[in-house]
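Note: the block below is data.pdb and it holds PDB, C-alpha atoms.
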```pdb
ATOM      1  CA  MET L 174      86.587  53.827   3.898
ATOM      2  CA  THR L 175      86.995  50.621   5.692
ATOM      3  CA  ALA L 176      84.346  47.945   5.710
ATOM      4  CA  THR L 177      83.918  45.988   8.864
ATOM      5  CA  LEU L 178      82.467  42.570   8.861
ATOM      6  CA  ARG L 179      79.973  41.690  11.527
ATOM      7  CA  PRO L 180      79.997  38.230  12.963
ATOM      8  CA  PHE L 181      77.476  35.759  11.507
ATOM      9  CA  ARG L 182      74.610  35.140  13.973
ATOM     10  CA  PRO L 183      72.660  32.007  13.056
ATOM     11  CA  ALA L 184      70.098  32.592  15.810
ATOM     12  CA  ARG L 185      68.974  35.871  14.212
ATOM     13  CA  VAL L 186      68.758  34.301  10.767
ATOM     14  CA  ALA L 187      66.769  31.336  12.105
ATOM     15  CA  ALA L 188      64.364  33.613  14.003
ATOM     16  CA  ALA L 189      63.803  35.747  10.905
ATOM     17  CA  ALA L 190      63.204  32.651   8.763
ATOM     18  CA  VAL L 191      60.671  31.286  11.267
ATOM     19  CA  ALA L 192      58.858  34.630  11.430
ATOM     20  CA  VAL L 193      58.650  34.920   7.638
ATOM     21  CA  GLY L 194      57.510  31.277   7.317
ATOM     22  CA  ALA L 195      54.824  31.705   9.986
ATOM     23  CA  ALA L 196      53.532  34.903   8.401
ATOM     24  CA  LEU L 197      53.283  33.249   4.993
ATOM     25  CA  SER L 198      51.599  30.087   6.242
ATOM     26  CA  LEU L 199      49.103  31.874   8.498
ATOM     27  CA  SER L 200      48.136  34.453   5.904
ATOM     28  CA  ALA L 201      47.244  31.722   3.396
ATOM     29  CA  CYS L 202      45.456  29.477   5.885
ATOM     30  CA  GLY L 203      42.176  28.452   4.282
ATOM     31  CA  ALA L 204      42.519  30.867   1.391
ATOM     32  CA  GLY L 205      40.135  29.790  -1.343
ATOM     33  CA  GLN L 206      38.882  26.866   0.706
ATOM     34  CA  ILE L 207      35.477  26.073   2.167
ATOM     35  CA  ALA L 208      35.651  25.388   5.882
ATOM     36  CA  GLN L 209      34.686  21.831   6.789
ATOM     37  CA  THR L 210      32.498  23.077   9.606
ATOM     38  CA  ALA L 211      30.486  25.363   7.304
ATOM     39  CA  THR L 212      28.324  22.509   6.049
ATOM     40  CA  GLN L 213      28.044  20.362   9.173
ATOM     41  CA  VAL L 214      24.621  19.638  10.601
ATOM     42  CA  ALA L 215      23.489  18.103  13.855
ATOM     43  CA  ALA L 216      23.768  14.328  14.150
ATOM     44  CA  ILE L 217      20.050  13.609  14.288
ATOM     45  CA  ASN L 218      17.832  11.339  12.226
ATOM     46  CA  GLY L 219      15.561  14.019  10.830
ATOM     47  CA  ASN L 220      15.411  16.995   8.545
ATOM     48  CA  GLY L 221      14.348  20.562   9.296
ATOM     49  CA  ALA L 222      12.828  23.642   7.696
ATOM     50  CA  ASP L 223      12.017  27.248   8.600
ATOM     51  CA  GLN L 224       9.041  29.340   7.485
ATOM     52  CA  ALA L 225       8.093  32.686   9.015
ATOM     53  CA  ASN L 226       8.031  32.130  12.816
ATOM     54  CA  ILE L 227       7.887  28.325  12.580
ATOM     55  CA  GLN L 228      10.913  26.035  12.793
ATOM     56  CA  LEU L 229      10.532  22.320  12.107
ATOM     57  CA  ARG L 230      13.260  20.136  13.578
ATOM     58  CA  ASN L 231      14.141  16.421  13.591
ATOM     59  CA  VAL L 232      11.342  15.536  11.150
ATOM     60  CA  HIS L 233      11.518  11.826  10.284
ATOM     61  CA  VAL L 234       9.496   8.651   9.903
ATOM     62  CA  LEU L 235      10.217   6.519  12.950
ATOM     63  CA  PHE L 236      11.446   2.973  12.415
ATOM     64  CA  PRO L 237       8.726   0.585  13.694
ATOM     65  CA  THR L 238       9.222  -0.728  17.223
ATOM     66  CA  SER L 239       5.931  -2.627  17.543
ATOM     67  CA  SER L 240       3.812  -4.899  15.385
ATOM     68  CA  GLU L 241       1.167  -2.211  14.771
ATOM     69  CA  PHE L 242       3.620  -0.303  12.566
ATOM     70  CA  ARG L 243       5.386  -1.610   9.443
ATOM     71  CA  LEU L 244       7.306   0.106   6.673
ATOM     72  CA  GLU L 245       5.719  -1.603   3.691
ATOM     73  CA  GLU L 246       3.037  -0.825   1.168
ATOM     74  CA  GLY L 247      -0.290  -0.510   3.016
ATOM     75  CA  GLY L 248       1.471  -0.305   6.406
ATOM     76  CA  ARG L 249       1.411   2.343   9.116
ATOM     77  CA  ALA L 250       4.246   4.488  10.468
ATOM     78  CA  GLU L 251       4.734   7.199  13.039
ATOM     79  CA  LEU L 252       5.976  10.666  12.084
ATOM     80  CA  VAL L 253       8.313  12.365  14.564
ATOM     81  CA  PHE L 254       8.992  16.117  14.618
ATOM     82  CA  THR L 255       9.228  19.232  16.743
ATOM     83  CA  ALA L 256       7.490  22.429  15.593
ATOM     84  CA  ILE L 257       8.776  25.560  17.326
ATOM     85  CA  ASN L 258       7.022  28.934  17.295
ATOM     86  CA  THR L 259       9.754  31.574  17.574
ATOM     87  CA  SER L 260       7.349  34.536  17.691
ATOM     88  CA  ALA L 261       7.465  36.495  20.921
ATOM     89  CA  THR L 262       3.799  37.501  20.750
ATOM     90  CA  GLU L 263       1.800  35.560  18.144
ATOM     91  CA  ALA L 264       0.475  32.013  18.442
ATOM     92  CA  ASP L 265       0.228  29.782  15.365
ATOM     93  CA  ARG L 266      -1.712  26.608  14.675
ATOM     94  CA  LEU L 267      -0.662  23.354  13.007
ATOM     95  CA  VAL L 268      -3.708  22.678  10.851
ATOM     96  CA  SER L 269      -2.651  19.533   8.982
ATOM     97  CA  ILE L 270       0.189  17.422   7.615
ATOM     98  CA  GLU L 271      -0.015  16.047   4.084
ATOM     99  CA  THR L 272       2.074  13.587   2.082
ATOM    100  CA  GLU L 273       1.564  11.806  -1.213
ATOM    101  CA  ASP L 274       3.151   8.674   0.275
ATOM    102  CA  ALA L 275       0.335   7.942   2.742
ATOM    103  CA  ALA L 276      -3.406   7.759   2.111
ATOM    104  CA  ASP L 277      -4.074   9.633   5.374
ATOM    105  CA  VAL L 278      -2.163  11.496   8.085
ATOM    106  CA  VAL L 279      -3.876  11.251  11.473
ATOM    107  CA  LEU L 280      -3.029  13.689  14.263
ATOM    108  CA  GLU L 281      -4.107  11.694  17.339
ATOM    109  CA  GLY L 282      -4.924  13.839  20.338
ATOM    110  CA  ALA L 283      -5.341  16.993  18.252
ATOM    111  CA  PRO L 284      -8.516  19.099  18.202
ATOM    112  CA  ALA L 285     -10.356  19.297  14.857
ATOM    113  CA  ALA L 286      -9.214  22.917  14.425
ATOM    114  CA  GLY L 287      -5.552  21.892  14.747
ATOM    115  CA  VAL L 288      -2.885  22.177  17.386
ATOM    116  CA  GLU L 289      -2.125  25.633  18.754
ATOM    117  CA  ILE L 290       1.528  26.517  19.296
ATOM    118  CA  ALA L 291       1.863  29.349  21.803
ATOM    119  CA  PRO L 292       4.526  32.049  21.340
ATOM    120  CA  GLN L 293       8.001  30.801  22.268
ATOM    121  CA  ALA L 294       6.678  27.222  22.662
ATOM    122  CA  SER L 295       6.806  23.958  20.744
ATOM    123  CA  VAL L 296       4.729  20.939  19.803
ATOM    124  CA  THR L 297       6.276  17.494  19.556
ATOM    125  CA  GLY L 298       4.896  14.831  17.263
ATOM    126  CA  GLY L 299       5.932  11.346  18.326
ATOM    127  CA  VAL L 300       8.735  10.603  20.731
ATOM    128  CA  PRO L 301      11.683   8.482  19.597
ATOM    129  CA  ALA L 302      12.575   5.651  21.976
ATOM    130  CA  GLY L 303      14.839   6.768  24.814
ATOM    131  CA  GLN L 304      14.394  10.478  24.125
ATOM    132  CA  ILE L 305      13.501  12.738  27.031
ATOM    133  CA  THR L 306      10.769  15.177  26.114
ATOM    134  CA  ASP L 307      10.519  18.823  27.016
ATOM    135  CA  PRO L 308       7.922  19.272  29.797
ATOM    136  CA  GLU L 309       6.944  22.634  28.234
ATOM    137  CA  SER L 310       6.145  20.971  24.891
ATOM    138  CA  ASP L 311       2.734  19.609  23.944
ATOM    139  CA  GLU L 312       2.925  16.095  22.495
ATOM    140  CA  LEU L 313       0.729  14.441  19.921
ATOM    141  CA  THR L 314       0.934  11.242  17.903
ATOM    142  CA  VAL L 315       1.068  11.508  14.124
ATOM    143  CA  ILE L 316       0.287   8.326  12.188
ATOM    144  CA  LEU L 317       0.856   7.852   8.462
ATOM    145  CA  GLU L 318      -1.854   5.419   7.292
ATOM    146  CA  ASP L 319      -1.767   3.162   4.215
ATOM    147  CA  LEU L 320       1.824   3.851   3.155
ATOM    148  CA  SER L 321       3.002   3.794  -0.447
ATOM    149  CA  ASP L 322       5.843   1.537  -1.555
ATOM    150  CA  GLN L 323       8.189   4.584  -1.429
ATOM    151  CA  VAL L 324       8.346   4.631   2.381
ATOM    152  CA  ARG L 325      11.512   2.590   2.968
ATOM    153  CA  PRO L 326      14.481   2.992   5.338
ATOM    154  CA  GLY L 327      17.097   5.291   3.885
ATOM    155  CA  LEU L 328      14.724   7.065   1.490
ATOM    156  CA  THR L 329      12.925  10.390   1.898
ATOM    157  CA  VAL L 330       9.269  11.203   1.394
ATOM    158  CA  PRO L 331       7.895  14.709   0.781
ATOM    159  CA  ALA L 332       5.556  16.109   3.427
ATOM    160  CA  THR L 333       3.802  19.451   3.776
ATOM    161  CA  PHE L 334       3.037  20.913   7.204
ATOM    162  CA  VAL L 335       0.194  23.439   7.000
ATOM    163  CA  PHE L 336       0.147  26.246   9.588
ATOM    164  CA  GLU L 337      -2.564  28.862  10.030
ATOM    165  CA  ASN L 338      -0.176  31.867   9.963
ATOM    166  CA  ALA L 339       3.118  30.531   8.589
ATOM    167  CA  GLY L 340       1.432  28.738   5.682
ATOM    168  CA  GLU L 341       2.742  25.595   4.027
ATOM    169  CA  VAL L 342       6.172  24.218   4.936
ATOM    170  CA  ARG L 343       7.493  21.463   2.662
ATOM    171  CA  VAL L 344      10.044  19.016   4.085
ATOM    172  CA  ASP L 345      11.795  15.995   2.575
ATOM    173  CA  VAL L 346      11.303  13.545   5.428
ATOM    174  CA  PRO L 347      13.926  10.809   5.874
ATOM    175  CA  VAL L 348      12.753   7.331   6.829
ATOM    176  CA  ASP L 349      14.664   6.068   9.864
ATOM    177  CA  ALA L 350      16.668   2.892   9.308
ATOM    178  CA  GLY L 351      16.389   1.779  12.933
ATOM    179  CA  PRO L 352      19.159   0.357  15.096
ATOM    180  CA  VAL L 353      19.645  -2.771  12.938
ATOM    181  CA  THR L 354      18.234  -2.982   9.432
ATOM    182  CA  PRO L 355      18.466  -6.397   7.770
ATOM    183  CA  ARG L 356      20.403  -6.416   4.510
ATOM    184  CA  ALA L 357      18.354  -7.270   1.434
ATOM    185  CA  GLU L 358      19.799 -10.227  -0.464
TER
END
```
Output the file's structure in the form of structure tokens.
Amino acid sequence: MTATLRPFRPARVAAAAVAVGAALSLSACGAGQIAQTATQVAAINGNGADQANIQLRNVHVLFPTSSEFRLEEGGRAELVFTAINTSATEADRLVSIETEDAADVVLEGAPAAGVEIAPQASVTGGVPAGQITDPESDELTVILEDLSDQVRPGLTVPATFVFENAGEVRVDVPVDAGPVTPRAE
């Protein structure tokens, strides 16, 4: 028996090495890792929560833009949010908003029985400066009266939204820092 030697072909060896390397690297891609995009949230000022057919979005205390509002003990602030009713058939009603960090929460422009949210519709509380509102959304103004000393830019305050059907929805509400917040010395 005679053994014949085949000529060495570097191109075949290189192609095989690349194929094996690619298979190994792609099969282990992200193994045991948490994807960075898994925990990303929208770049908005506020927080959100879901309960039954109600979704709360962009809930935050607006940084004061006029002299009638001030983020200090005894001051007043505006609460901004969007409440969305995702039900296809059933309306719900925002009855009240409560927080331990304000003596009173006033829903200006709301009937005494609360604000009805039709199926597949939303209600907007407050409108941040420069934000275009949805023409299909009802708007109301929500004022936090006689603030506690805990309502400060960068902190959160607990609030409970009470709905007729969805019940109570608790949200940790961030306090907006505004476009330029002076540094405390």
- Message: Between CA of Gln293 in chain L and CA of Ile257 in chain L, what distance in Å does the model show, to one decimal?
- Response: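 The value is 7.2 Å.
Distances to Ala332 in chain L were evaluated for L:Ile227, L:Val268, L:Val296, L:Val278 using only C-alpha atoms, and the minimum falls at L:Val278.
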- Task: Determine the nearest neighbour of Glu263 in chain L from the options L:Thr238, L:Asn338, L:Thr314, L:Asn231, counting only C-alpha atoms.
- Result: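 Closest to Glu263 in chain L of all the choices is L:Asn338.
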- Message: Once the PyMOL selection byres ((chain L and resi 223) around 10) is applied to the coordinates I shared, what remains selected? I want it as a PyMOL selection string.
- Response: chain L and resi 221-222+224-230+256-257+339+342-344
- Computed gap from CA of Leu252 in chain L to CA of Asn220 in chain L is 11.9 Å
- Task: Find the distance between CA of Arg249 in chain L and CA of Pro237 in chain L and write it in Å to one decimal.
- Result: 8.8 Å
- Query: With only C-alpha atoms as the atoms that count, which of L:Ile290, L:Ala250, L:Ala261, L:Val232 lies nearest to Ala276 in chain L?
  - Reply: L:Ala250
- Item | Among listed residues L:Leu328, L:Thr255, L:Glu341, L:Glu318, nearest Arg243 in chain L (using only C-alpha atoms) |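 Using only C-alpha atoms, the shortest distance to Arg243 in chain L belongs to L:Glu318.
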Enclosing box along x, y and z for every listed atom of range 268-287 of chain L, padded 4 Å each side, centre and size in Å, one decimal, as JSON:
```
{"center_x": -3.6, "center_y": 15.3, "center_z": 9.6, "size_x": 21.5, "size_y": 23.2, "size_z": 29.6}
```
- What do you get, as an NGL selection string, if you spell out every residue that the PyMOL selection byres ((chain L and resi 273) around 10) selects here? :L and (271-272 or 274-277 or 320-321 or 323 or 330-333)
